[in-house]
Amino acid sequence: MPISSLFTLKIGGEAGQGIKSAGLLFGKVATRSGYWIFNYTEYPSLVRGGHNMMQTTISSEEVTAPTLHTNLLIALNQETIDLHHHEISDGGAILFDKDKNFDTSKVKTTVNIIEVPLVALAKKVGGMELMSNTVALGASVALLAGDIKHLRNMVEEEFGKKKPAMVKINQDAAQAGFDYIVKNYSQDIQQVIKPRENPEPKMIVNANETTAMGAIAAGMQFYCAYPMTPATNIIHNLAPLQQKYGFIYKQPEDEIASINMAIGAANAGARSMVGTSGGGFCLMAEGYGLAGITETPLVIVNAMRSGPATGLPTWSEQSDLLMALYSHQGDFPRIVLAAGDPEEAFYLTMKAFNLAEKYQTTVLLLTDKLICENDQSYHFFDYKDFVLNRGKYTIKKQDNYNRYELTDDGISLRSPLGVGNFFIANSDEHDAEGFSNEGIENRNQQMAKRMKKMEICKKEDMDGPTLFGPEEAEITLVSWGSNKGSILQALKEFDNVNYLHLTMINPFPVEQVAERLKKAKYLINVEQNFTAHMSKIIKQTTGIEILDNLLKYDGRPIYPEEIISKINQVLGR
Amino acid sequence: MMKAEEYNTKIKPNFCPGCGDFGIWLALKNVASQLGLDSSNTALIAGIGCHGHILNFTKINSIEGLHGRPVPVATGIKLVNPRLNVIAFSGDGDCLGEGGNHFIHSCRRNHDINLFIHDNAIYGLTTGQTSPRTPHGMVTKSTPEGNKDVPLNPAAMAITAGATFVARTFCLEPKHMEEIFTKAIKHKGMSVVQILQTCITFNKEYTLDFYRENVYKLPDDYDPSDKVKALKKAMEWGEKNIPLGVLYEEKGKPSYEDQLIDISKKPIVDTEPVVKDVTELFKAHV
Ligand SMILES: Cc1ncc(C[n+]2csc(CCOP(=O)(O)OP(=O)(O)O)c2C)c(N)n1
């Protein structure tokens, strides 16, 4: 389906007006009616005030990216109109409160104006002004030929247990908005979310949620994280589930403590994970190498945002790639993965735990703000083939135990603290038992042993890149992370463009990438950073230089439309 | 039960001849032997500094971590396996300089861990720069005109930050050290022990003679349960006025780990990790 025929509803207002939850509710009405959705949200680094926006793109096929255009704009304040009116497609509509006298003089004449007394209707059913967004939701459901039953059910699920009194008022508010449209704007109703037959259940998730789910599914026992956008919601997802799934979450005093606590917990035998964003990862850099030299299994999630320093705290970027590969002094085996969407985040988190324990080292999973906070619809993930692997690990007392014994594959038998096996997990270079040792032969052996693990990982566990689109193509796009969704959406418009998507960053699938890129007629690397990190890695590892880089670092997504126009430009259209 | 000498490892202690760290190490081995500490019930952790070498000489499983970070490592171990005795060794630089944040917060949370601070009031391993414990005016390699900073008082800080056992001992009083170490290890909750340690190579002010002259033991009738009095005691420091002993002890306060409902019954590491069914979480997002 071409991008122009995707339907996007956008709702905007001030922070604190419930924009995000309204957007999510609307998305669920769409998925429960049998459609696929993609939710994109924008907000500044403020709790109240400031412009908040959430858009839901709806399709009868899977949808993986936000669109630049809007079909229906719900404006809860004047700013929403001022900022977004020009995005409304011809024939689209703008909905706002009839009694607010918003200035619409700049709105194109091809856009329908739909005025609903949002606050008045909310008050009429006994609600507060804040409930005007529920009225607006009811009105939107009507405008898009949806079934109000779904919205009513969701209100019940949302408030039923906590505030039963709120259920009826909110349901009435939604109904009032719905009825108002049916009565006054029936000519404007479009068949966008008309219920389809027997829809299969779909969940709406973002990568913070799926990282948390993946960690639980993979048997995580300890999570340690200091709040930092956009990784914070992993905490909010995990913290309430500790008792039920049997793990500990601890909020430490800082990210340095976070990684050191996790290293302690992992050496005591717990499957451990830390999560943060770039700034916090900078503080973890010292512990990153400690895990490396002590051969401690540790999963690190780095949810990227715009840098440097505080940068654009609530916006996206992909500029931590080289840091993941090169931060910390000295060489140690570091596995680096990158998720391109919530589904990949789920499976890669699970995989990360196994790799960390198999190779007894760090596995860093990169996500980015866009996948962390944008919701996408999916069928339930199926992980019945996943087998938990703790690698060479024992809790039995061993005779003559040597924690860092030299082995063919570089991996030694790991034992936790407290089962009677003596060892020192030593940040100093150490011998087989863990005693500090600065000898030449020992140093060479222990370094080689640790680095050997990367070679084995490359042979046994390295995922190649994934090619989307036709084998033969005029243009091959290369990218990673959240750009995947926009590129896949753009690819639907071409039959002569393909896409090489990377999830394994270290060890890097050099041969597969080189083979594929050599076949390509024209290469474009797509990334959200200033200096094209992935192009650098590709040049360094394969010798192939990608000359055309589509780069963006303003914190906003690379939209499918931008990729389409880039492709058209190269194709000379 | 291991005998004290059975804790020796293949590595011979390489502290400077006459270093106060020898005394601490001997006391540790005696206490370990008396309490039956070994790799099945105890984990040792150290930061980086001369003090950190103690792990190489002691046959109990351990983690030698980073400069300033032994406390969070110890905390992580204790959280997932509260059955273990967890003892962290730190230096005054390690604990109060590089790791000051961890020190304060671990006290505040009252983790059931033991923090033994080898306080030689100098940076030993890096050969003699000023530390957060170096007295005002002292000439060190990094303060040739005399130290302009004022020293911290870790015992007083620990008391105000919330540690429930705070003691001071001296590396040349073996029996006193053993008694204090034993009490600290047996205490439920955060124990902080400031060990006055001589650095014969780099600290010419806090010498053996200085401490012999000025330390005194708290009398038997001293009541360590009064926090304000304890704080006053902890702040005494001067001529013939450096108290040794248990300065503060609060009994019966739940440790952090006691408050983890399930974990206090069964350590997290006692359940092998398994693949978990998260269908319910999927369903919650429909
Ligand atoms: C991040 C970092 N900074 C600096 C050092 C260098 N360093 C090692 S030990 C030390 C200070 C040691 O003093 P203290 O902790 O009091 O221990 P002592 O050697 O006196 O026992 C320093 C600065 C380091 N290892 N790591």
# chains A, B, ... in the order shown; residues from 1 in each chain; ligands from 1

$ interface_residues --of "chain A" --to "chain B" --cutoff "6 Å" --atoms "only C-alpha atoms" --output "number ranges by chain"
A: 202-204, 217-219, 257, 260-262, 264-265, 268, 270, 418-420, 422-427, 435

$ residues_near_ligand --ligand "ligand 1" --cutoff "6 Å" --atoms "only C-alpha atoms and all ligand atoms" --output "PyMOL selection string"
chain B and resi 48-51+67+91-94+120+122-126

$ residues_around --residues "Thr143 in chain B" --least-positions-apart "3" --cutoff "12 Å" --atoms "only C-alpha atoms" --output "count of residues only"
16

$ select_by_dssp --residues "range 195-421 of chain A" --states "strand (DSSP E or B)" --output "PyMOL selection string"
chain A and resi 203-205+222-225+248-250+272-276+298-304+334-338+362-368+375-378+393+414

$ atom_distance --atom1 "CA of Asp99 in chain A" --atom2 "CA of Leu76 in chain A"
11.6 Å

$ residues_around --residues "Tyr378 in chain A" --least-positions-apart "2" --cutoff "9 Å" --atoms "only C-alpha atoms" --output "list of chain:residue names"
A:Trp36, A:Ile37, A:Glu62, A:Pro201, A:Lys202, A:Met203, A:Ile204, A:Val205, A:Glu343, A:Gln376, A:Phe380, A:Phe381

$ residues_around --residues "Thr296 in chain A" --least-positions-apart "2" --cutoff "12 Å" --atoms "only C-alpha atoms" --output "ChimeraX atom specification"
/A:259-273,287-294,298-300,332-334,353,355-363,393,403-404,411-417,424-427,450 /B:63,65

$ residues_around --residues "Ala30 in chain A" --least-positions-apart "2" --cutoff "12 Å" --atoms "only C-alpha atoms" --output "PyMOL selection string"
(chain A and resi 7-9+23-28+32-39+56-60+137+140-141+144-151+154+191-196+199+201-204+376-377) or (chain B and resi 286)

$ select_by_dssp --residues "range 3-151 of chain B" --states "helix (DSSP H, G or I)" --output "mmCIF file with N, CA, C and O atoms, in the first residue's frame"
data_model
loop_
_atom_site.group_PDB
_atom_site.id
_atom_site.type_symbol
_atom_site.label_atom_id
_atom_site.label_comp_id
_atom_site.auth_asym_id
_atom_site.auth_seq_id
_atom_site.Cartn_x
_atom_site.Cartn_y
_atom_site.Cartn_z
ATOM 1 N N ALA B 4 43.660 -20.539 60.582
ATOM 2 C CA ALA B 4 44.036 -19.212 60.058
ATOM 3 C C ALA B 4 45.047 -19.315 58.917
ATOM 4 O O ALA B 4 44.910 -18.656 57.888
ATOM 5 N N GLU B 5 46.036 -20.174 59.081
ATOM 6 C CA GLU B 5 47.083 -20.226 58.046
ATOM 7 C C GLU B 5 46.580 -20.903 56.763
ATOM 8 O O GLU B 5 47.173 -20.740 55.691
ATOM 9 N N GLU B 6 45.476 -21.615 56.866
ATOM 10 C CA GLU B 6 44.936 -22.241 55.646
ATOM 11 C C GLU B 6 44.314 -21.213 54.694
ATOM 12 O O GLU B 6 43.982 -21.534 53.553
ATOM 13 N N TYR B 7 44.140 -20.009 55.171
ATOM 14 C CA TYR B 7 43.640 -18.956 54.291
ATOM 15 C C TYR B 7 44.743 -18.359 53.427
ATOM 16 O O TYR B 7 44.489 -17.578 52.529
ATOM 17 N N GLY B 20 50.641 -1.331 57.898
ATOM 18 C CA GLY B 20 49.508 -1.666 58.742
ATOM 19 C C GLY B 20 48.574 -2.689 58.116
ATOM 20 O O GLY B 20 47.804 -3.354 58.816
ATOM 21 N N ASP B 21 48.631 -2.829 56.798
ATOM 22 C CA ASP B 21 47.748 -3.791 56.132
ATOM 23 C C ASP B 21 48.047 -5.233 56.557
ATOM 24 O O ASP B 21 47.160 -6.088 56.493
ATOM 25 N N PHE B 22 49.300 -5.498 56.978
ATOM 26 C CA PHE B 22 49.614 -6.859 57.458
ATOM 27 C C PHE B 22 48.718 -7.231 58.643
ATOM 28 O O PHE B 22 48.177 -8.327 58.712
ATOM 29 N N GLY B 23 48.607 -6.268 59.575
ATOM 30 C CA GLY B 23 47.812 -6.525 60.777
ATOM 31 C C GLY B 23 46.357 -6.800 60.424
ATOM 32 O O GLY B 23 45.712 -7.680 60.998
ATOM 33 N N ILE B 24 45.849 -6.034 59.479
ATOM 34 C CA ILE B 24 44.442 -6.195 59.077
ATOM 35 C C ILE B 24 44.236 -7.589 58.473
ATOM 36 O O ILE B 24 43.280 -8.300 58.787
ATOM 37 N N TRP B 25 45.208 -7.974 57.664
ATOM 38 C CA TRP B 25 45.119 -9.287 56.997
ATOM 39 C C TRP B 25 45.161 -10.422 58.029
ATOM 40 O O TRP B 25 44.371 -11.372 57.964
ATOM 41 N N LEU B 26 46.072 -10.313 58.999
ATOM 42 C CA LEU B 26 46.158 -11.352 60.032
ATOM 43 C C LEU B 26 44.857 -11.429 60.824
ATOM 44 O O LEU B 26 44.339 -12.523 61.088
ATOM 45 N N ALA B 27 44.316 -10.276 61.186
ATOM 46 C CA ALA B 27 43.066 -10.263 61.952
ATOM 47 C C ALA B 27 41.932 -10.870 61.128
ATOM 48 O O ALA B 27 41.112 -11.637 61.645
ATOM 49 N N LEU B 28 41.907 -10.553 59.849
ATOM 50 C CA LEU B 28 40.864 -11.104 58.981
ATOM 51 C C LEU B 28 40.923 -12.630 58.978
ATOM 52 O O LEU B 28 39.908 -13.315 59.109
ATOM 53 N N LYS B 29 42.136 -13.172 58.821
ATOM 54 C CA LYS B 29 42.274 -14.635 58.774
ATOM 55 C C LYS B 29 41.836 -15.267 60.099
ATOM 56 O O LYS B 29 41.154 -16.298 60.105
ATOM 57 N N ASN B 30 42.207 -14.645 61.212
ATOM 58 C CA ASN B 30 41.799 -15.187 62.514
ATOM 59 C C ASN B 30 40.280 -15.175 62.665
ATOM 60 O O ASN B 30 39.676 -16.163 63.088
ATOM 61 N N VAL B 31 39.687 -14.065 62.294
ATOM 62 C CA VAL B 31 38.226 -13.957 62.417
ATOM 63 C C VAL B 31 37.545 -14.951 61.478
ATOM 64 O O VAL B 31 36.584 -15.636 61.848
ATOM 65 N N ALA B 32 38.066 -15.051 60.263
ATOM 66 C CA ALA B 32 37.484 -15.990 59.288
ATOM 67 C C ALA B 32 37.536 -17.400 59.860
ATOM 68 O O ALA B 32 36.560 -18.166 59.764
ATOM 69 N N SER B 33 38.646 -17.741 60.467
ATOM 70 C CA SER B 33 38.800 -19.075 61.028
ATOM 71 C C SER B 33 37.828 -19.284 62.196
ATOM 72 O O SER B 33 37.146 -20.309 62.272
ATOM 73 N N GLN B 34 37.765 -18.289 63.063
ATOM 74 C CA GLN B 34 36.855 -18.418 64.217
ATOM 75 C C GLN B 34 35.396 -18.519 63.777
ATOM 76 O O GLN B 34 34.622 -19.280 64.357
ATOM 77 N N LEU B 35 35.017 -17.764 62.762
ATOM 78 C CA LEU B 35 33.606 -17.751 62.333
ATOM 79 C C LEU B 35 33.308 -18.803 61.264
ATOM 80 O O LEU B 35 32.162 -18.955 60.842
ATOM 81 N N CYS B 50 46.334 -0.164 47.842
ATOM 82 C CA CYS B 50 47.121 -1.189 48.535
ATOM 83 C C CYS B 50 46.193 -2.174 49.240
ATOM 84 O O CYS B 50 46.413 -3.387 49.239
ATOM 85 N N HIS B 51 45.129 -1.636 49.842
ATOM 86 C CA HIS B 51 44.185 -2.486 50.577
ATOM 87 C C HIS B 51 43.645 -3.624 49.719
ATOM 88 O O HIS B 51 43.394 -4.714 50.204
ATOM 89 N N GLY B 52 43.446 -3.338 48.430
ATOM 90 C CA GLY B 52 42.813 -4.312 47.538
ATOM 91 C C GLY B 52 43.629 -5.580 47.365
ATOM 92 O O GLY B 52 43.078 -6.646 47.054
ATOM 93 N N HIS B 53 44.926 -5.477 47.588
ATOM 94 C CA HIS B 53 45.766 -6.663 47.420
ATOM 95 C C HIS B 53 45.399 -7.782 48.371
ATOM 96 O O HIS B 53 45.726 -8.933 48.147
ATOM 97 N N ILE B 54 44.729 -7.444 49.454
ATOM 98 C CA ILE B 54 44.389 -8.431 50.487
ATOM 99 C C ILE B 54 43.693 -9.661 49.888
ATOM 100 O O ILE B 54 43.857 -10.778 50.374
ATOM 101 N N LEU B 55 42.968 -9.437 48.789
ATOM 102 C CA LEU B 55 42.237 -10.567 48.195
ATOM 103 C C LEU B 55 43.181 -11.629 47.655
ATOM 104 O O LEU B 55 42.875 -12.828 47.708
ATOM 105 N N ASN B 56 44.304 -11.189 47.121
ATOM 106 C CA ASN B 56 45.260 -12.146 46.570
ATOM 107 C C ASN B 56 45.870 -13.053 47.639
ATOM 108 O O ASN B 56 46.418 -14.101 47.327
ATOM 109 N N PHE B 57 45.791 -12.610 48.873
ATOM 110 C CA PHE B 57 46.466 -13.355 49.948
ATOM 111 C C PHE B 57 45.490 -14.142 50.799
ATOM 112 O O PHE B 57 45.869 -14.731 51.807
ATOM 113 N N PRO B 70 33.941 -0.951 45.248
ATOM 114 C CA PRO B 70 33.659 -2.242 45.893
ATOM 115 C C PRO B 70 32.262 -2.309 46.512
ATOM 116 O O PRO B 70 31.655 -3.376 46.550
ATOM 117 N N VAL B 71 31.757 -1.151 46.965
ATOM 118 C CA VAL B 71 30.473 -1.187 47.677
ATOM 119 C C VAL B 71 29.305 -1.598 46.772
ATOM 120 O O VAL B 71 28.547 -2.504 47.130
ATOM 121 N N PRO B 72 29.129 -0.986 45.591
ATOM 122 C CA PRO B 72 28.023 -1.477 44.756
ATOM 123 C C PRO B 72 28.190 -2.937 44.327
ATOM 124 O O PRO B 72 27.189 -3.655 44.212
ATOM 125 N N VAL B 73 29.418 -3.387 44.120
ATOM 126 C CA VAL B 73 29.607 -4.797 43.770
ATOM 127 C C VAL B 73 29.118 -5.670 44.929
ATOM 128 O O VAL B 73 28.365 -6.638 44.737
ATOM 129 N N ALA B 74 29.508 -5.286 46.144
ATOM 130 C CA ALA B 74 29.088 -6.036 47.332
ATOM 131 C C ALA B 74 27.567 -6.040 47.451
ATOM 132 O O ALA B 74 26.938 -7.061 47.747
ATOM 133 N N THR B 75 26.971 -4.892 47.188
ATOM 134 C CA THR B 75 25.513 -4.767 47.275
ATOM 135 C C THR B 75 24.820 -5.716 46.302
ATOM 136 O O THR B 75 23.851 -6.386 46.653
ATOM 137 N N GLY B 76 25.333 -5.762 45.070
ATOM 138 C CA GLY B 76 24.724 -6.635 44.058
ATOM 139 C C GLY B 76 24.769 -8.098 44.491
ATOM 140 O O GLY B 76 23.799 -8.845 44.310
ATOM 141 N N ILE B 77 25.879 -8.492 45.062
ATOM 142 C CA ILE B 77 26.005 -9.880 45.527
ATOM 143 C C ILE B 77 24.981 -10.161 46.622
ATOM 144 O O ILE B 77 24.262 -11.155 46.587
ATOM 145 N N LYS B 78 24.926 -9.242 47.582
ATOM 146 C CA LYS B 78 24.042 -9.456 48.733
ATOM 147 C C LYS B 78 22.572 -9.505 48.312
ATOM 148 O O LYS B 78 21.783 -10.288 48.845
ATOM 149 N N LEU B 79 22.204 -8.668 47.342
ATOM 150 C CA LEU B 79 20.807 -8.625 46.908
ATOM 151 C C LEU B 79 20.349 -9.965 46.356
ATOM 152 O O LEU B 79 19.236 -10.406 46.622
ATOM 153 N N VAL B 80 21.205 -10.605 45.574
ATOM 154 C CA VAL B 80 20.753 -11.854 44.943
ATOM 155 C C VAL B 80 21.093 -13.076 45.786
ATOM 156 O O VAL B 80 20.525 -14.141 45.589
ATOM 157 N N ASP B 92 40.713 4.753 52.102
ATOM 158 C CA ASP B 92 40.079 6.048 52.369
ATOM 159 C C ASP B 92 39.890 6.810 51.058
ATOM 160 O O ASP B 92 38.882 7.485 50.862
ATOM 161 N N GLY B 93 40.834 6.655 50.137
ATOM 162 C CA GLY B 93 40.659 7.279 48.830
ATOM 163 C C GLY B 93 39.567 6.569 48.056
ATOM 164 O O GLY B 93 38.658 7.187 47.493
ATOM 165 N N ASP B 94 39.640 5.273 48.059
ATOM 166 C CA ASP B 94 38.692 4.422 47.346
ATOM 167 C C ASP B 94 37.253 4.703 47.804
ATOM 168 O O ASP B 94 36.353 4.911 46.993
ATOM 169 N N CYS B 95 37.072 4.729 49.105
ATOM 170 C CA CYS B 95 35.726 4.791 49.675
ATOM 171 C C CYS B 95 35.173 6.213 49.726
ATOM 172 O O CYS B 95 33.991 6.436 49.492
ATOM 173 N N LEU B 96 36.042 7.171 50.078
ATOM 174 C CA LEU B 96 35.545 8.537 50.335
ATOM 175 C C LEU B 96 35.796 9.474 49.163
ATOM 176 O O LEU B 96 35.119 10.487 49.024
ATOM 177 N N GLY B 97 36.789 9.149 48.330
ATOM 178 C CA GLY B 97 37.059 9.973 47.157
ATOM 179 C C GLY B 97 36.266 9.433 45.979
ATOM 180 O O GLY B 97 35.118 9.805 45.751
ATOM 181 N N GLU B 98 36.878 8.488 45.295
ATOM 182 C CA GLU B 98 36.253 7.931 44.085
ATOM 183 C C GLU B 98 34.855 7.353 44.360
ATOM 184 O O GLU B 98 33.966 7.465 43.547
ATOM 185 N N GLY B 100 32.684 7.983 47.023
ATOM 186 C CA GLY B 100 31.916 8.651 48.078
ATOM 187 C C GLY B 100 30.411 8.491 47.944
ATOM 188 O O GLY B 100 29.703 8.275 48.933
ATOM 189 N N ASN B 101 29.930 8.576 46.717
ATOM 190 C CA ASN B 101 28.486 8.451 46.492
ATOM 191 C C ASN B 101 27.979 7.075 46.934
ATOM 192 O O ASN B 101 26.955 6.959 47.602
ATOM 193 N N HIS B 102 28.726 6.041 46.579
ATOM 194 C CA HIS B 102 28.294 4.678 46.935
ATOM 195 C C HIS B 102 28.303 4.495 48.449
ATOM 196 O O HIS B 102 27.437 3.834 49.020
ATOM 197 N N PHE B 103 29.324 5.083 49.091
ATOM 198 C CA PHE B 103 29.459 4.969 50.548
ATOM 199 C C PHE B 103 28.207 5.511 51.239
ATOM 200 O O PHE B 103 27.564 4.833 52.045
ATOM 201 N N ILE B 104 27.844 6.734 50.889
ATOM 202 C CA ILE B 104 26.688 7.368 51.539
ATOM 203 C C ILE B 104 25.417 6.561 51.309
ATOM 204 O O ILE B 104 24.648 6.290 52.221
ATOM 205 N N HIS B 105 25.212 6.149 50.058
ATOM 206 C CA HIS B 105 23.935 5.507 49.740
ATOM 207 C C HIS B 105 23.825 4.090 50.276
ATOM 208 O O HIS B 105 22.734 3.632 50.595
ATOM 209 N N SER B 106 24.942 3.399 50.385
ATOM 210 C CA SER B 106 24.851 2.049 50.954
ATOM 211 C C SER B 106 24.521 2.150 52.436
ATOM 212 O O SER B 106 23.771 1.328 52.973
ATOM 213 N N CYS B 107 25.057 3.164 53.106
ATOM 214 C CA CYS B 107 24.709 3.371 54.521
ATOM 215 C C CYS B 107 23.214 3.660 54.650
ATOM 216 O O CYS B 107 22.510 3.091 55.482
ATOM 217 N N ARG B 108 22.749 4.548 53.802
ATOM 218 C CA ARG B 108 21.349 4.957 53.822
ATOM 219 C C ARG B 108 20.405 3.770 53.650
ATOM 220 O O ARG B 108 19.334 3.705 54.246
ATOM 221 N N ARG B 109 20.806 2.844 52.820
ATOM 222 C CA ARG B 109 19.912 1.715 52.548
ATOM 223 C C ARG B 109 20.073 0.583 53.544
ATOM 224 O O ARG B 109 19.329 -0.388 53.505
#

$ atom_distance --atom1 "CA of Lys396 in chain A" --atom2 "CA of Asn421 in chain A"
8.2 Å

$ closest_residue --among "A:Leu321, A:Leu370, A:Ile524, A:Ala173" --to "Thr503 in chain A" --atoms "only C-alpha atoms"
A:Leu321

$ residues_around --residues "Gly280 in chain A" --least-positions-apart "6" --cutoff "8 Å" --atoms "only C-alpha atoms" --output "count of residues only"
3

$ atom_distance --atom1 "CA of Tyr40 in chain A" --atom2 "CA of Met54 in chain A"
5.6 Å

$ closest_residue --among "A:Ile189, A:Ala324, A:Cys282, A:Ile538" --to "Glu511 in chain A" --atoms "only C-alpha atoms"
A:Ile538

$ closest_atom_pairs --of "range 149-191 of chain B" --to "range 211-222 of chain B" --cutoff "9 Å" --atoms "only C-alpha atoms" --output "JSON lines"
{"residue": "B:Thr169", "atom": "CA", "partner": "B:Lys217", "partner_atom": "CA", "distance": 8.9}
{"residue": "B:Phe170", "atom": "CA", "partner": "B:Tyr211", "partner_atom": "CA", "distance": 8.2}
{"residue": "B:Leu172", "atom": "CA", "partner": "B:Arg212", "partner_atom": "CA", "distance": 8.9}

$ write_last_selection --atoms "C-alpha atoms" --output "PDB file, in the first residue's frame"
ATOM      1  CA  THR B 169      39.726   0.176  65.322  1.00  0.00           C
ATOM      2  CA  PHE B 170      43.480   0.309  64.909  1.00  0.00           C
ATOM      3  CA  LEU B 172      48.177  -2.531  65.618  1.00  0.00           C
TER       4      LEU B 172
END

$ decode --residues "range 209-215 of chain B" --atoms "all heavy atoms" --output "compact mmCIF listing (two decimals), in the first residue's frame"
# COMPACT_ATOMS: atom_id res chain seq x y z
N ASP B 209 53.61 5.94 66.32
CA ASP B 209 53.71 6.65 67.59
C ASP B 209 52.55 7.61 67.79
O ASP B 209 52.01 7.73 68.88
CB ASP B 209 55.04 7.43 67.67
CG ASP B 209 56.21 6.48 67.84
OD1 ASP B 209 55.95 5.31 68.23
OD2 ASP B 209 57.36 6.88 67.55
N PHE B 210 52.17 8.28 66.70
CA PHE B 210 51.04 9.20 66.79
C PHE B 210 49.81 8.46 67.31
O PHE B 210 49.13 8.92 68.24
CB PHE B 210 50.73 9.83 65.42
CG PHE B 210 49.44 10.59 65.39
CD1 PHE B 210 49.37 11.90 65.81
CD2 PHE B 210 48.25 9.96 64.96
CE1 PHE B 210 48.16 12.60 65.81
CE2 PHE B 210 47.04 10.64 64.95
CZ PHE B 210 47.00 11.97 65.38
N TYR B 211 49.51 7.35 66.70
CA TYR B 211 48.30 6.62 67.13
C TYR B 211 48.46 6.05 68.53
O TYR B 211 47.55 6.11 69.34
CB TYR B 211 47.95 5.52 66.12
CG TYR B 211 47.27 6.05 64.87
CD1 TYR B 211 47.72 5.71 63.59
CD2 TYR B 211 46.16 6.88 64.96
CE1 TYR B 211 47.09 6.19 62.45
CE2 TYR B 211 45.53 7.38 63.82
CZ TYR B 211 45.99 7.02 62.57
OH TYR B 211 45.37 7.50 61.46
N ARG B 212 49.64 5.48 68.83
CA ARG B 212 49.86 4.92 70.17
C ARG B 212 49.60 5.98 71.23
O ARG B 212 49.02 5.69 72.27
CB ARG B 212 51.31 4.43 70.28
CG ARG B 212 51.51 3.11 69.56
CD ARG B 212 52.13 2.06 70.50
NE ARG B 212 52.01 0.74 69.90
CZ ARG B 212 53.01 0.15 69.24
NH1 ARG B 212 54.18 0.74 69.11
NH2 ARG B 212 52.81 -1.05 68.71
N GLU B 213 50.04 7.20 70.93
CA GLU B 213 49.87 8.32 71.86
C GLU B 213 48.40 8.68 72.05
O GLU B 213 47.97 9.04 73.13
CB GLU B 213 50.55 9.57 71.26
CG GLU B 213 52.02 9.68 71.49
CD GLU B 213 52.31 9.98 72.96
OE1 GLU B 213 51.88 11.06 73.43
OE2 GLU B 213 52.93 9.12 73.61
N ASN B 214 47.65 8.64 70.95
CA ASN B 214 46.37 9.36 70.95
C ASN B 214 45.10 8.51 70.96
O ASN B 214 44.03 9.04 71.20
CB ASN B 214 46.33 10.33 69.77
CG ASN B 214 47.39 11.41 69.91
OD1 ASN B 214 47.49 12.06 70.96
ND2 ASN B 214 48.23 11.58 68.90
N VAL B 215 45.20 7.23 70.65
CA VAL B 215 43.95 6.44 70.66
C VAL B 215 43.62 5.98 72.07
O VAL B 215 44.51 5.81 72.91
CB VAL B 215 44.02 5.20 69.73
CG1 VAL B 215 44.18 5.61 68.28
CG2 VAL B 215 45.10 4.23 70.16
